[in-house]
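> Sharing a structure, written as structure tokens. Questions coming.
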Amino acid sequence: MNEIPPYLQDLNEEQRAAVFHEGKPLLILAGAGSGKTRVVTTKIAYLIREKFVNPRSILAVTFTNKAAREMAERATAIESSATDAMLRTFHSFGAWFLRRNGEYAGLSSNFVIYDDEDMVTVLASIIEGKKKNELKLIAHQISRAKDYFFTPESADLVFINHKSEFRKIYAQYEDALRKTGNVDFGDLIKKPVEILRDNPGVAQKLHDRFRVIMVDEYQDANVAQFELLKAICSPETYVCVVGDDDQSIYRFRGAEVKNILEFPDRFGGADIIRLEKNYRSTSHILDVADSVVRRNTGRLGKELKAERGAGVKPMLAFLNDQDNEARECAALIDNSVRVKKNSAYSDWAVLYRTNAQSFGFENEFLRRKIPYRIVGSLKFYEREEIKDALALLSFVVNTKDEVSFRRVVNKPSRGIGASALEHILLERAAADWDIEAAAENSAQGLSAKARAGVVSFLEAINNARKTLLTPQQENGAQVPDDSSRILKAAQGLSRCVADLIENAGIAEYHRSHDEVSGETRVSNLQELVNGAVLYDATPEGLADFLERIALDRAIEQQDDGESRVTLITVHNTKGLEFRRVIMTGLEQGLFPRNDKEGDDLEEERRLFYVGATRAMDELYLTSCACRRVFGQTTPMAPSLFLEEVDISKMRIVGSPPYGFKLPSVKEKSGKAAGHKQKVSSDGRWRLGDRVFNEDCGYGEINAIDEDAEGPVITVCYENGRRQRFLSRAQSSRFMKIRD
DNA sequence: TAGTTTTAAGTTTTT
DNA sequence: CTTAAAACTA
């Protein structure tokens, strides 16, 4: 027996088996916190170091950029040459492939990637008289179709939308998209599969390059991604996928759990290794998470064993409203960091179901000076001025880009209205679908005003292109000495981007348009410019920059080493862990979302499971009695999950709203617990009495305390409000109702 | 036709 | 409370 190298020593038996495994395809079923990232990164290092596999022939695919980065970091820490392995998301791999082989699908290497909003613009250009919401739905369905690898001709398209109209629109959309020379997200997966299928030579080259392929979070792969995986694997490729069916949370995006179930069949009798030892969470936390997800039918089922002991019980807090929730979370964190020696802000994460919920926490944390960072929050790249600037850049890169052209041609106002626009676009057919050429050729059909506008637009584009192609000229640097190269590296693309935004009048447009918000918009543009600093001032550099933005919208958080609380959506936490986690907003309609049922409800349960299993030491759940929605306070019922959860493993604080019965829990705990009584000392009130109040409606007496001033009564109303009052101060506005 | 004011409608989750 | 569509004015 060979001696075991140190980096393999702390692995358990199953983990080690997974790392050493070779030959047949391998499916690793890895529960939450069972060390699967560790297995993948160790395996990469092991293959390079012990099996002399060329790092360049290893491909590891993940679902988020963050996961890809983390994986690269950890693998490189063990084996430095792992830096040459390719670690990408599925989409980023698809883009990488298409930049090199797009010609086989009629794409040039400078395509840009359309987001959902751009899809809607394309649809709007081919369909008349549909509202934006309808177009959004169609765009969504086209995305789904591509996730399932359906073409406009596929018979199965009826499962997405049964109308024959949809088939027609999908076909027209594909046609319009092709003319722009660009791709949407779905194409990044679908087109590579088609190219590999139709061009054996291309496939052969790829098969020669990648001998080892690993997929992380495999439960989130959709049908098209599964097809891509098959297409990049040859019989000689070693394939290893890692996943957990209980953590599949992207069904809405076409993820198919059956990819996991069918993997052994589809990949010729794969070996299966289960990792069922959880090293992350204490057992009470796991029990709480498991008690909810076990209600799901149709799961592989597994016993996750906690290796860390029982720990403290998770806490469930019933609170009044979202302001209360923000304050309580802030107080909890602040207190913990202040009091406990071993608690830092960075140990904490506040989880929520929707991005919109982050606002309340941000405000409160700012007020209390609690340092935080927000993960995700796509808002920045959705701002109008940013989209304008990016559209301008996209058009410079690809002058067939109709979506971007429409967006910026008349911004600032150049007198080019709808009719002029249509005229220019009609000229495209004679100009090989190049819009810039079409605009040049369209002069005679336009009004004098529009003609002048077109000239000024073309000028701006041309200037931009000149700067991009010959960026060094402005320095007059004949000798390419070190200092000019350093200068170029430091300025990168950002100078060109800044010039372009100025010259094309985007910045001026926003400055003059609205004095108040104009300045913020211009400073947002400046931030975009700063982001371009690392990229070359060349068309390729620009294309790289745009791709990064399209595929990885998480704003680069500067790591100043300060310890910060993490604010994050539950979806975004996948693959992360925190010592202390607060899952907020456990209310019916919010989490789980609106009356989800069947498979959708099961997905929400898995989401709960993912969130809860992020916690290592402490888990807190909050549920509010009411919440502001559309600016109006509306009553909320506690989440269904709070009825399903194993309550014996939790501590409860506060009392649930009117009418909600926790399964087998004694009355209420908390402050009043010590001197709780059935009847008030003045005999006026009885615990559990129904009462009516003009302002709040029906309610129930929830607690009776005795004070120096006499009895204090607490009422919970059906609308979620709660009220405390002195018995003797109560007037006739209150009516008692006997059962 | 471009820009503003009024009115109606509406909240997932992400590559 | 915010955003999109419709209606309106210069």
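Ordering of the structure tokens sets the chain letters (A, B, ...), residue numbers begin anew at 1 in every chain, and ligands are numbered from 1 in the order given.
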Please list as JSON, numbers by chain every residue within 7 Å of segment 266-275 of chain A, counting only C-alpha atoms (C1' of nucleotides) and excluding residues in the same chain fewer than 6 positions away.
{"A": [14, 15, 18, 24, 25, 26, 27, 28, 29, 30, 31, 34]}
> Up to 10 Å from chain B, what residues of chain A turn up? Count only C-alpha atoms (C1' of nucleotides) and give them as an mmCIF file with N, CA, C and O atoms, in the first residue's frame.

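This is the output file part15.cif:
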data_model
loop_
_atom_site.group_PDB
_atom_site.id
_atom_site.type_symbol
_atom_site.label_atom_id
_atom_site.label_comp_id
_atom_site.auth_asym_id
_atom_site.auth_seq_id
_atom_site.Cartn_x
_atom_site.Cartn_y
_atom_site.Cartn_z
ATOM 1 N N PHE A 63 -22.891 25.844 -11.504
ATOM 2 C CA PHE A 63 -24.053 26.603 -11.951
ATOM 3 C C PHE A 63 -23.957 28.083 -11.672
ATOM 4 O O PHE A 63 -24.673 28.876 -12.253
ATOM 5 N N THR A 64 -23.109 28.474 -10.750
ATOM 6 C CA THR A 64 -22.934 29.902 -10.520
ATOM 7 C C THR A 64 -21.465 30.257 -10.645
ATOM 8 O O THR A 64 -20.580 29.425 -10.429
ATOM 9 N N ASN A 65 -21.239 31.498 -10.994
ATOM 10 C CA ASN A 65 -19.867 31.964 -11.143
ATOM 11 C C ASN A 65 -19.126 31.934 -9.821
ATOM 12 O O ASN A 65 -17.940 31.664 -9.770
ATOM 13 N N THR A 89 -19.164 27.993 -15.488
ATOM 14 C CA THR A 89 -20.575 27.637 -15.453
ATOM 15 C C THR A 89 -20.926 27.029 -16.804
ATOM 16 O O THR A 89 -20.200 27.203 -17.784
ATOM 17 N N PHE A 90 -22.041 26.323 -16.851
ATOM 18 C CA PHE A 90 -22.510 25.774 -18.118
ATOM 19 C C PHE A 90 -22.589 26.871 -19.179
ATOM 20 O O PHE A 90 -22.139 26.694 -20.316
ATOM 21 N N HIS A 91 -23.179 28.000 -18.781
ATOM 22 C CA HIS A 91 -23.391 29.062 -19.765
ATOM 23 C C HIS A 91 -22.077 29.677 -20.218
ATOM 24 O O HIS A 91 -21.898 29.993 -21.395
ATOM 25 N N SER A 92 -21.168 29.851 -19.278
ATOM 26 C CA SER A 92 -19.904 30.444 -19.649
ATOM 27 C C SER A 92 -19.087 29.481 -20.509
ATOM 28 O O SER A 92 -18.375 29.897 -21.428
ATOM 29 N N ASP A 115 -30.327 39.460 -22.764
ATOM 30 C CA ASP A 115 -31.006 39.055 -21.535
ATOM 31 C C ASP A 115 -32.524 39.012 -21.784
ATOM 32 O O ASP A 115 -32.989 39.222 -22.906
ATOM 33 N N PHE A 185 -29.723 33.419 -23.680
ATOM 34 C CA PHE A 185 -29.125 32.491 -22.721
ATOM 35 C C PHE A 185 -29.276 31.035 -23.155
ATOM 36 O O PHE A 185 -28.335 30.247 -23.075
ATOM 37 N N GLY A 186 -30.478 30.704 -23.621
ATOM 38 C CA GLY A 186 -30.739 29.333 -24.014
ATOM 39 C C GLY A 186 -29.813 28.869 -25.132
ATOM 40 O O GLY A 186 -29.365 27.717 -25.149
ATOM 41 N N LEU A 188 -26.789 29.574 -25.570
ATOM 42 C CA LEU A 188 -25.441 29.268 -25.080
ATOM 43 C C LEU A 188 -25.302 27.779 -24.781
ATOM 44 O O LEU A 188 -24.202 27.233 -24.772
ATOM 45 N N ILE A 249 -33.472 23.331 -6.827
ATOM 46 C CA ILE A 249 -34.326 24.508 -6.621
ATOM 47 C C ILE A 249 -34.468 25.356 -7.878
ATOM 48 O O ILE A 249 -34.847 26.511 -7.821
ATOM 49 N N TYR A 250 -34.153 24.785 -9.025
ATOM 50 C CA TYR A 250 -34.285 25.557 -10.263
ATOM 51 C C TYR A 250 -35.214 24.896 -11.270
ATOM 52 O O TYR A 250 -35.032 25.011 -12.471
ATOM 53 N N ARG A 251 -36.251 24.245 -10.764
ATOM 54 C CA ARG A 251 -37.248 23.651 -11.631
ATOM 55 C C ARG A 251 -37.868 24.706 -12.539
ATOM 56 O O ARG A 251 -38.144 24.464 -13.710
ATOM 57 N N PHE A 252 -38.083 25.884 -11.984
ATOM 58 C CA PHE A 252 -38.704 26.962 -12.766
ATOM 59 C C PHE A 252 -37.840 27.355 -13.956
ATOM 60 O O PHE A 252 -38.282 28.031 -14.865
ATOM 61 N N ARG A 253 -36.610 26.933 -13.924
ATOM 62 C CA ARG A 253 -35.700 27.261 -15.015
ATOM 63 C C ARG A 253 -35.444 26.009 -15.857
ATOM 64 O O ARG A 253 -34.536 25.981 -16.667
ATOM 65 N N ARG A 353 -36.675 35.315 0.768
ATOM 66 C CA ARG A 353 -37.177 34.622 -0.421
ATOM 67 C C ARG A 353 -37.050 35.491 -1.682
ATOM 68 O O ARG A 353 -36.788 34.997 -2.755
ATOM 69 N N THR A 354 -37.318 36.799 -1.530
ATOM 70 C CA THR A 354 -37.282 37.685 -2.696
ATOM 71 C C THR A 354 -36.298 38.835 -2.465
ATOM 72 O O THR A 354 -36.132 39.307 -1.344
ATOM 73 N N ASN A 355 -35.686 39.284 -3.527
ATOM 74 C CA ASN A 355 -34.708 40.367 -3.431
ATOM 75 C C ASN A 355 -35.278 41.624 -2.784
ATOM 76 O O ASN A 355 -34.585 42.337 -2.074
ATOM 77 N N ALA A 356 -36.584 41.871 -3.057
ATOM 78 C CA ALA A 356 -37.201 43.098 -2.556
ATOM 79 C C ALA A 356 -37.120 43.193 -1.034
ATOM 80 O O ALA A 356 -37.104 44.281 -0.475
ATOM 81 N N GLY A 376 -25.794 39.166 -4.819
ATOM 82 C CA GLY A 376 -26.796 39.104 -5.876
ATOM 83 C C GLY A 376 -27.241 40.482 -6.272
ATOM 84 O O GLY A 376 -26.452 41.238 -6.809
ATOM 85 N N LEU A 378 -29.384 42.174 -8.683
ATOM 86 C CA LEU A 378 -29.035 42.425 -10.081
ATOM 87 C C LEU A 378 -29.351 43.850 -10.504
ATOM 88 O O LEU A 378 -29.109 44.231 -11.622
ATOM 89 N N SER A 413 -32.119 62.574 -27.988
ATOM 90 C CA SER A 413 -33.053 62.775 -29.087
ATOM 91 C C SER A 413 -32.347 63.313 -30.323
ATOM 92 O O SER A 413 -31.706 64.351 -30.296
ATOM 93 N N GLY A 415 -34.089 63.201 -33.399
ATOM 94 C CA GLY A 415 -35.151 63.384 -34.382
ATOM 95 C C GLY A 415 -35.443 62.145 -35.199
ATOM 96 O O GLY A 415 -35.981 62.219 -36.301
ATOM 97 N N ILE A 416 -35.061 60.984 -34.667
ATOM 98 C CA ILE A 416 -35.336 59.737 -35.372
ATOM 99 C C ILE A 416 -36.508 59.036 -34.694
ATOM 100 O O ILE A 416 -36.354 58.423 -33.642
ATOM 101 N N GLY A 417 -37.665 59.157 -35.279
ATOM 102 C CA GLY A 417 -38.870 58.594 -34.688
ATOM 103 C C GLY A 417 -39.156 57.207 -35.214
ATOM 104 O O GLY A 417 -38.323 56.597 -35.888
ATOM 105 N N ALA A 418 -40.342 56.737 -34.921
ATOM 106 C CA ALA A 418 -40.715 55.370 -35.284
ATOM 107 C C ALA A 418 -40.654 55.147 -36.788
ATOM 108 O O ALA A 418 -40.167 54.118 -37.262
ATOM 109 N N ALA A 550 -22.935 40.005 -18.882
ATOM 110 C CA ALA A 550 -24.133 39.235 -19.198
ATOM 111 C C ALA A 550 -24.234 37.975 -18.340
ATOM 112 O O ALA A 550 -25.304 37.598 -17.894
ATOM 113 N N LEU A 551 -23.110 37.335 -18.093
ATOM 114 C CA LEU A 551 -23.134 36.037 -17.421
ATOM 115 C C LEU A 551 -22.934 36.122 -15.919
ATOM 116 O O LEU A 551 -23.277 35.206 -15.193
ATOM 117 N N ASP A 552 -22.352 37.190 -15.447
ATOM 118 C CA ASP A 552 -22.063 37.290 -14.019
ATOM 119 C C ASP A 552 -22.426 38.680 -13.544
ATOM 120 O O ASP A 552 -21.621 39.584 -13.539
ATOM 121 N N ARG A 553 -23.689 38.814 -13.151
ATOM 122 C CA ARG A 553 -24.176 40.150 -12.852
ATOM 123 C C ARG A 553 -23.931 40.550 -11.407
ATOM 124 O O ARG A 553 -24.268 41.649 -11.002
ATOM 125 N N THR A 569 -30.531 36.120 -0.999
ATOM 126 C CA THR A 569 -31.721 35.311 -1.249
ATOM 127 C C THR A 569 -31.392 33.851 -0.955
ATOM 128 O O THR A 569 -30.240 33.440 -1.023
ATOM 129 N N VAL A 570 -32.427 33.099 -0.633
ATOM 130 C CA VAL A 570 -32.200 31.688 -0.318
ATOM 131 C C VAL A 570 -31.559 30.988 -1.523
ATOM 132 O O VAL A 570 -30.643 30.188 -1.370
ATOM 133 N N HIS A 571 -32.039 31.307 -2.723
ATOM 134 C CA HIS A 571 -31.476 30.671 -3.912
ATOM 135 C C HIS A 571 -29.965 30.879 -4.010
ATOM 136 O O HIS A 571 -29.225 29.988 -4.397
ATOM 137 N N ASN A 572 -29.557 32.073 -3.666
ATOM 138 C CA ASN A 572 -28.146 32.416 -3.820
ATOM 139 C C ASN A 572 -27.229 31.769 -2.799
ATOM 140 O O ASN A 572 -26.012 31.839 -2.916
ATOM 141 N N LEU A 590 -45.503 34.100 0.877
ATOM 142 C CA LEU A 590 -44.172 34.633 0.607
ATOM 143 C C LEU A 590 -43.168 33.484 0.551
ATOM 144 O O LEU A 590 -42.359 33.387 -0.363
ATOM 145 N N PHE A 591 -43.246 32.622 1.516
ATOM 146 C CA PHE A 591 -42.371 31.462 1.588
ATOM 147 C C PHE A 591 -43.090 30.357 2.337
ATOM 148 O O PHE A 591 -43.040 30.348 3.546
ATOM 149 N N ARG A 593 -44.294 30.562 -1.736
ATOM 150 C CA ARG A 593 -44.966 31.567 -2.525
ATOM 151 C C ARG A 593 -46.398 31.191 -2.786
ATOM 152 O O ARG A 593 -46.793 30.050 -2.659
ATOM 153 N N ASN A 594 -47.140 32.190 -3.240
ATOM 154 C CA ASN A 594 -48.567 32.101 -3.462
ATOM 155 C C ASN A 594 -49.124 30.719 -3.743
ATOM 156 O O ASN A 594 -49.046 30.224 -4.856
ATOM 157 N N GLU A 604 -40.461 24.500 -3.127
ATOM 158 C CA GLU A 604 -40.318 25.476 -2.053
ATOM 159 C C GLU A 604 -39.813 24.787 -0.776
ATOM 160 O O GLU A 604 -39.049 25.372 -0.020
ATOM 161 N N LEU A 607 -36.265 24.438 -1.058
ATOM 162 C CA LEU A 607 -35.645 25.738 -0.849
ATOM 163 C C LEU A 607 -35.473 26.010 0.646
ATOM 164 O O LEU A 607 -34.439 26.505 1.092
ATOM 165 N N VAL A 629 -47.351 45.144 1.604
ATOM 166 C CA VAL A 629 -47.272 44.656 0.247
ATOM 167 C C VAL A 629 -48.074 45.628 -0.610
ATOM 168 O O VAL A 629 -49.190 46.002 -0.251
ATOM 169 N N PHE A 630 -47.496 46.113 -1.690
ATOM 170 C CA PHE A 630 -48.017 47.243 -2.463
ATOM 171 C C PHE A 630 -48.166 48.462 -1.576
ATOM 172 O O PHE A 630 -49.103 49.235 -1.727
#
> Output as a ChimeraX atom specification the set of chain C residues within 9 Å of chain A, with distances taken over only C-alpha atoms (C1' of nucleotides).
/C:1-2,4-5
> What is the distance between atom CA of Met315 of chain A and atom CA of Phe641 of chain A, in Å to one decimal?
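A separation of 14.2 Å between them.
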> For the atom pair atom CA of Leu366 of chain A and atom CA of Pro314 of chain A, what is the interatomic distance in Å to one decimal place?
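Atom-to-atom, atom CA of Leu366 of chain A and atom CA of Pro314 of chain A are spaced 26.7 Å apart.
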> What is the atom CA of Glu276 of chain A to atom CA of Ala344 of chain A distance in Å?
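Pair atom CA of Glu276 of chain A / atom CA of Ala344 of chain A returns 29.6 Å.
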> Considering only C-alpha atoms (C1' of nucleotides), return as a short mmCIF file (atom, residue, chain, number, x, y, z; two decimals) with N, CA and C atoms, in the first residue's frame whatever protein or nucleic-acid residues lie within 6 Å of segment 684-689 of chain A, sequence-local ones (same chain, fewer than 6 positions apart) excluded.

data_model
loop_
_atom_site.label_atom_id
_atom_site.label_comp_id
_atom_site.auth_asym_id
_atom_site.auth_seq_id
_atom_site.Cartn_x
_atom_site.Cartn_y
_atom_site.Cartn_z
N LYS A 678 -55.46 32.97 33.98
CA LYS A 678 -56.63 32.69 33.15
C LYS A 678 -57.62 33.85 33.13
N GLU A 700 -58.63 37.96 19.64
CA GLU A 700 -58.69 37.01 20.74
C GLU A 700 -57.72 37.47 21.83
N ILE A 701 -58.15 37.33 23.07
CA ILE A 701 -57.26 37.71 24.17
C ILE A 701 -56.18 36.65 24.32
#
> Using DSSP assignments from the backbone, pull out every residue in segment 495-722 of chain A that falls under strand (DSSP E or B) and give it to me as number ranges by chain.
A: 565-569, 578-583, 587, 589-590, 593, 615-624, 626-629, 632-635, 638, 651-653, 679, 686, 690-693, 697-707, 710-717, 722
> As a ChimeraX atom specification, please: every residue in segment 389-472 of chain A that DSSP puts in alpha helix (DSSP H).
/A:389-397,402-408,418-426,435-441,448-469
